[in-house]
Amino acid sequence: MAIRLPSIVSSKKVPKGHFAVYVGENQKRFVIPLSFLNQPLFQDLLGLSEEEFGYSHPTGGLRIPCDEEIFVDVTSRLY
């Protein structure tokens with residue numbers, strides 16, 4: 001069984017219907033579908049972000065304060 005993981009995009013462009021998040025201490029960039037916003041598991045990650053950073057993200061991107069491995073595990077369940 002294959003598991004689709006969130007794509008990692010090095011360019012600054014984000015495809016239509018997707019958005020970028022920065023995860024972990026190294027702020028690794030992931031580009032994920034907007035449909036994740038409706039998923040309770042992803043909303044839990046957004047709650048962590050709100051608690052840690054509030055709504056101000058000076059880098060312009062959404063930062064999620066969890067380990068990259070946890071992020072990949074959670075988002076792999078959302079496809």
# chains A, B, ... in the order shown; residues from 1 in each chain; ligands from 1
$ residues_around --residues "range 63-67 of chain A" --least-positions-apart "3" --cutoff "10 Å" --atoms "only C-alpha atoms" --output "list in words"
Ala20, Val21, Tyr22, Val23, Gly24, Glu25, Asn26, Gln27, Lys28, Arg29, Leu45, Leu46, Gly47, Leu48, Ser49, Glu50, Glu51, Glu52, Phe53, Ser56, His57, Pro58, Thr59, Gly60, Ile70, Phe71, Val72 and Asp73 of chain A
$ atom_distance --atom1 "CA of Phe36 in chain A" --atom2 "CA of Thr75 in chain A"
8.1 Å
$ atom_distance --atom1 "CA of Pro15 in chain A" --atom2 "CA of Val31 in chain A"
8.4 Å
$ residues_around --residues "range 17-19 of chain A" --least-positions-apart "2" --cutoff "9 Å" --atoms "only C-alpha atoms" --output "ChimeraX atom specification"
/A:14-15,21,30-35,61-62
$ write_last_selection --atoms "N, CA and C atoms" --output "PDB file, in the first residue's frame"
ATOM      1  N   VAL A  14       3.059  28.382  -5.011  1.00  0.00           N
ATOM      2  CA  VAL A  14       2.178  27.384  -4.410  1.00  0.00           C
ATOM      3  C   VAL A  14       1.058  27.133  -5.409  1.00  0.00           C
ATOM      4  N   PRO A  15       0.831  25.880  -5.780  1.00  0.00           N
ATOM      5  CA  PRO A  15      -0.219  25.576  -6.749  1.00  0.00           C
ATOM      6  C   PRO A  15      -1.601  25.997  -6.240  1.00  0.00           C
ATOM      7  N   VAL A  21       3.049  25.494   4.630  1.00  0.00           N
ATOM      8  CA  VAL A  21       3.241  25.555   6.074  1.00  0.00           C
ATOM      9  C   VAL A  21       4.709  25.258   6.352  1.00  0.00           C
ATOM     10  N   PHE A  30       6.273  22.598   3.638  1.00  0.00           N
ATOM     11  CA  PHE A  30       5.395  21.618   3.024  1.00  0.00           C
ATOM     12  C   PHE A  30       4.272  22.361   2.311  1.00  0.00           C
ATOM     13  N   VAL A  31       3.886  21.891   1.160  1.00  0.00           N
ATOM     14  CA  VAL A  31       2.753  22.456   0.432  1.00  0.00           C
ATOM     15  C   VAL A  31       1.645  21.408   0.490  1.00  0.00           C
ATOM     16  N   ILE A  32       0.513  21.810   1.067  1.00  0.00           N
ATOM     17  CA  ILE A  32      -0.564  20.857   1.300  1.00  0.00           C
ATOM     18  C   ILE A  32      -1.887  21.385   0.748  1.00  0.00           C
ATOM     19  N   PRO A  33      -2.841  20.494   0.495  1.00  0.00           N
ATOM     20  CA  PRO A  33      -4.124  20.915  -0.067  1.00  0.00           C
ATOM     21  C   PRO A  33      -4.960  21.723   0.927  1.00  0.00           C
ATOM     22  N   LEU A  34      -5.726  22.666   0.418  1.00  0.00           N
ATOM     23  CA  LEU A  34      -6.618  23.450   1.257  1.00  0.00           C
ATOM     24  C   LEU A  34      -7.662  22.576   1.947  1.00  0.00           C
ATOM     25  N   SER A  35      -7.980  21.444   1.358  1.00  0.00           N
ATOM     26  CA  SER A  35      -8.986  20.549   1.942  1.00  0.00           C
ATOM     27  C   SER A  35      -8.589  20.072   3.340  1.00  0.00           C
ATOM     28  N   GLY A  61       4.406  32.932   6.468  1.00  0.00           N
ATOM     29  CA  GLY A  61       3.890  31.577   6.312  1.00  0.00           C
ATOM     30  C   GLY A  61       3.381  31.039   7.631  1.00  0.00           C
ATOM     31  N   LEU A  62       2.529  30.073   7.550  1.00  0.00           N
ATOM     32  CA  LEU A  62       1.981  29.444   8.735  1.00  0.00           C
ATOM     33  C   LEU A  62       2.999  28.469   9.309  1.00  0.00           C
TER      34      LEU A  62
END
